[in-house]
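*Asks:* What follows is a structure written as structure tokens; I'll ask about it next.
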Amino acid sequence: MSTFQNGMAAARAMDDDSDVEEEALVADYKEQVQYEEGMDELEHVPSLSMAQQADDIQSKLAQAAQPLDFQAPLDVKFQSYDAYCSLFHYILNSDGPVDLEPPSYYWAWDVIDEFIYQFNSFSSYRARIARQGNNEKNEEEVQMLRENPNTWGCYSVLNVLYSLIQRSQITEQLAAMKRNEDPMSKAGEYGSKSLYRMLGYFSIIGLLRVHCLLGDFSLALKTLDDIELNKKAMFARVMAAHFTTYYYVGFSYMMMRRYGDAIRMFSHILVYVSRTKNFQKNAQYDSITKKNEHMYALIAICIAFHPTRLDDTIHTALREKYGDQLLKLQRGGPDSLPIFEELFRSACPKFIAAVPPDFDNPEANVDPIEHHLAIFMDEVKTNMWSPTVKSYLRLYTTMDLKKLAGFLDVKPEELRSWLLVNKQRTKQLRWTDQGLLEGELVNVSDLDYAMQGDLIHISEAKVGRKLVDWYLRNLSRTYA
Amino acid sequence: MNGEDPQERPREIFAIINGLERYNPEAAGVLEEYLAQQCQKKFCDCNANRALLKLYQLNPNKIKDEVITNILVKAMTQFPSPQFDLAIHLLLPSLSSPSASSSSELAEAVSKLRALNALLEGAQYGRFWATLDNDTDDIYADLTTDIAGFEDIIRVRIAQLISEAFREVHVSVLEAWLGLDDEEEVKKFVGEFGWKVADAGLVQIPKNAENEAKKSEVREDVNVDMFSRVIKRSWEEAA
């Protein structure tokens, strides 16, 4: 079985030039999974004696990384918050760095992930209760939520994440790594311990997520300034972290109208998942499958805004999953609007409000998803005629504006605006090699035009045949 | 992105928005003052303004309605760009939803500004000016009163966008798009940009990189590195 997979991997290895690293990573990941499986077997034996150990803190650590039951009652959610607070307080404010051995390699990620997940679902739950209004059924819960406005509060969550980042001096360490220096020289007393370093590192990714959930997409991307998104990044060693990072970065790019960059992010991680899925552990893979679907939906949205060539694997999967929707999106016009809404709703993060809801005015508590969707749809509506305009312009080298308006059955003034909108949107920021927010302004369309009075001059960039890829692929196929 | 990180930004503002100080409710005052400066001196720092909106998001008791609307109007002047949307994303959800918004004055102002921004983003410049002119309740006049030279900023921006798409444009189109009253005003305005008014009511715009629509061909760059692995492999297999 494993030789078969290796064969597959080798055959696919010719797809792009970054593959060497990617393959190394895939192999690396596989090794980890096998290692983990081995660990599982070992764990069954000593688990009893573990429980008997008086070491209270170890069980707290393990507990913190445990998913909380989705339907846990409110007081359990409150207790869980207190447990996190005391754990983080212990880690951050003890006399010097605490000497702890994390229960597993993934522990730091799991803790931060679960912490934010609980914050997210608590906020959503609280908002839902508030929207239902006061009734006998939830009276008690409303009372409890009113009295504890700071439980799972934004400031305390942000405080934890920023404190972990500062304590571990992870920013300084990452900056040193970027300069090819030894990160340990900057790590300090805390940051030189792997517990702190890992918590600090994953807190950065946690921040990316929290900012995005609050609708601050540029700050979300800014947070990752110190992390280089490449195969060597520390997060790449933890599949869930790798996946989460790319989802939120891609989503933030999309909200900043950088569709090309968003597509690049989603494609990267989806290709990676499709390559590793044969040796994913089932439970882990299930949770990834759902997010996978979300990212395909987001790619469909981005591709409608910014038609571009996709990786073959992604293209095929996208057509399978969202073929009909994609066609409607690409056609544009008013018919495409409900599809944009549907896909956005299904694939966006579970946005939350930054402050507790107003329990006295249930109808004042608008679901944040509706808020962000409405703003996103403004831009969709602005662009909805671009596909039509483009499809006509492709047919001509010069065209009279009034004549084209006649074809489209709109007023010339209207068409003039559509032409401007479409032309203005062809310039997009594209990431080069600096911070995620940086980039250069490039023309992303193969279609360009200029107007001379009512005469439209159109030019289409000719794309020469790309042969290298084809040649390499066939070479490897022949000689494999 | 337009208006993201202007040169005019003082060092103290830089320190606030790039450090943890951005979460300190006390920083709101400094950022508000900085916004007032932007309004007077006709520059725009949307990045810093978002830090202020973030503080409002986390501390709703600090919210000042006119500050929010000034931030939105400033962001609007950067069209076409995501700046306005990025600012709106940080507002309370109830401010963007038509169902719950009827109550507050701020919600109404936000929805008015959103409509105005949609016209600019959609290149409906004629309608934009008509909407401003039809301002029977003086709502728009109130909302833009703090922003020095609001109409001029918009007009210059529109002219720049026109120059990036047109080689020649009818005076009548310019008149509507620039929100000017007659041909004379248009001629005077475009004269400042060095645009020439030719016969038959056409205004000629000098050539630039954007209004040429040059033909181009995308070719593939091939270099030895791309083949390095194939060569390496054949070498290894032979050996």
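Just remember, in the structure tokens the first chain shown is A, the second B, etc., residues are 1-based per chain, and ligands are 1-based in the order shown.
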Using only C-alpha atoms, find which residues of chain B lie within 7 Å of chain A and jot them down as a ChimeraX atom specification.

*Replies:* /B:57-58,82,85,89-90,93-94,96-97,100,121-124,165-170,211-220,226

*Asks:* Please provide the set of residues having any atom within 9 Å of Gln330 in chain A, restricted to only C-alpha atoms, with same-chain residues fewer than 3 positions apart removed, written as number ranges by chain.

*Replies:* A: 300-301, 303-305, 307, 325-327, 336, 387

*Asks:* Between CA of Leu61 in chain A and CA of Pro103 in chain A, what is the distance in Å, rounded to a tenth?

*Replies:*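 Computing it gives 7.3 Å between the two atoms.
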
*Asks:* Quick one: DSSP alpha helix (DSSP H) residues in range 380-450 of chain A, as number ranges by chain?

*Replies:* A: 380-383, 386-393, 401-408, 412-425

*Asks:* Have a look at CA of Ser172 in chain B and CA of Leu404 in chain A and let me know their distance in Å, one decimal.

*Replies:* 19.8 Å

*Asks:* Using only C-alpha atoms for the distances, tell me which of A:Cys212, A:Ile91, A:Ala83, A:Ile112 is nearest to Ser168 in chain A.

*Replies:*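 Distance minimum relative to Ser168 in chain A lands on A:Ile91.
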
*Asks:* Please, what distance in Å, to one decimal, runs between CA of Lys290 in chain A and CA of Leu208 in chain A?

*Replies:*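 The value is 20.2 Å.
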
*Asks:* My list of candidates is B:Arg233, B:Ala159, B:Ala109, B:Gln78. Which is closest to Glu66 in chain B when distances are computed with only C-alpha atoms?

*Replies:*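 The shortest atom-to-atom distance to Glu66 in chain B comes from B:Ala109.
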
*Asks:* Report as a PyMOL selection string all protein, DNA and RNA residues lying within 10 Å of Cys46 in chain B, evaluated on only C-alpha atoms, omitting residues in the same chain fewer than 3 positions from it.

*Replies:* chain B and resi 1-6+35+38+43+49-52+71-72+74-75+78+83-84+86-87

*Asks:* Quick one: residues within 12 Å of range 132-144 of chain A, only C-alpha atoms counted, chain neighbours fewer than 2 positions away excluded, as a ChimeraX atom specification?

*Replies:* /A:73-75,77-78,125-130,146-151,356-367

*Asks:* Kindly export the residues of the current selection with C-alpha atoms, as an mmCIF file, in the first residue's frame.

*Replies:*
```cif
data_model
loop_
_atom_site.group_PDB
_atom_site.id
_atom_site.type_symbol
_atom_site.label_atom_id
_atom_site.label_comp_id
_atom_site.auth_asym_id
_atom_site.auth_seq_id
_atom_site.Cartn_x
_atom_site.Cartn_y
_atom_site.Cartn_z
ATOM 1 C CA PRO A 73 -24.955 23.419 29.608
ATOM 2 C CA LEU A 74 -24.122 27.028 30.290
ATOM 3 C CA ASP A 75 -22.533 26.482 33.686
ATOM 4 C CA LYS A 77 -19.138 26.621 29.615
ATOM 5 C CA PHE A 78 -18.526 29.062 32.441
ATOM 6 C CA TYR A 125 -24.787 30.890 21.640
ATOM 7 C CA ARG A 126 -25.151 34.021 23.759
ATOM 8 C CA ALA A 127 -26.249 36.030 20.722
ATOM 9 C CA ARG A 128 -28.769 33.352 19.789
ATOM 10 C CA ILE A 129 -30.295 33.417 23.274
ATOM 11 C CA ALA A 130 -30.527 37.207 23.101
ATOM 12 C CA ARG A 146 -26.385 39.253 31.993
ATOM 13 C CA GLU A 147 -24.580 38.912 35.283
ATOM 14 C CA ASN A 148 -21.350 37.725 33.708
ATOM 15 C CA PRO A 149 -20.734 39.960 30.717
ATOM 16 C CA ASN A 150 -16.966 39.418 30.881
ATOM 17 C CA THR A 151 -16.982 35.660 30.771
ATOM 18 C CA PRO A 356 -22.387 41.045 24.691
ATOM 19 C CA PRO A 357 -25.797 41.404 23.027
ATOM 20 C CA ASP A 358 -28.595 43.645 24.164
ATOM 21 C CA PHE A 359 -30.928 41.321 26.040
ATOM 22 C CA ASP A 360 -33.626 43.977 26.349
ATOM 23 C CA ASN A 361 -34.011 44.508 22.595
ATOM 24 C CA PRO A 362 -33.949 41.085 20.978
ATOM 25 C CA GLU A 363 -34.477 42.474 17.479
ATOM 26 C CA ALA A 364 -31.505 44.830 17.788
ATOM 27 C CA ASN A 365 -29.160 41.851 17.852
ATOM 28 C CA VAL A 366 -28.476 41.229 14.200
ATOM 29 C CA ASP A 367 -26.560 38.082 13.373
#
```

*Asks:* Find, counting only C-alpha atoms, the residue in B:Arg157, B:Arg11, B:Lys232, B:Arg127 that gets nearest to Ala48 in chain B.

*Replies:* B:Arg11

*Asks:* Please list as an NGL selection string every residue within 12 Å of range 32-34 of chain B, counting only C-alpha atoms and excluding residues in the same chain fewer than 3 positions away.

*Replies:* :B and (8-14 or 16 or 25-29 or 37-53 or 55-56 or 62-68 or 70-71)

*Asks:* Name the residues in contact with range 343-345 of chain A at a cut-off of 6 Å, using only C-alpha atoms, excluding same-chain residues fewer than 3 positions from it; report them as a PyMOL selection string.

*Replies:* chain A and resi 297+340+348

*Asks:* Write out, as an mmCIF file, in the first residue's frame, the residues just selected, with N, CA, C and O atoms.

*Replies:*
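Written output follows (out28.cif):
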```cif
data_model
loop_
_atom_site.group_PDB
_atom_site.id
_atom_site.type_symbol
_atom_site.label_atom_id
_atom_site.label_comp_id
_atom_site.auth_asym_id
_atom_site.auth_seq_id
_atom_site.Cartn_x
_atom_site.Cartn_y
_atom_site.Cartn_z
ATOM 1 N N ALA A 297 -16.281 26.169 -1.998
ATOM 2 C CA ALA A 297 -17.319 27.175 -2.217
ATOM 3 C C ALA A 297 -16.685 28.562 -2.347
ATOM 4 O O ALA A 297 -17.072 29.355 -3.211
ATOM 5 N N PHE A 340 -24.319 33.565 -4.830
ATOM 6 C CA PHE A 340 -23.249 34.169 -4.040
ATOM 7 C C PHE A 340 -23.618 34.118 -2.558
ATOM 8 O O PHE A 340 -22.808 33.744 -1.712
ATOM 9 N N CYS A 348 -18.551 30.825 5.161
ATOM 10 C CA CYS A 348 -17.847 31.864 5.918
ATOM 11 C C CYS A 348 -17.585 31.378 7.347
ATOM 12 O O CYS A 348 -18.208 30.437 7.806
#
```
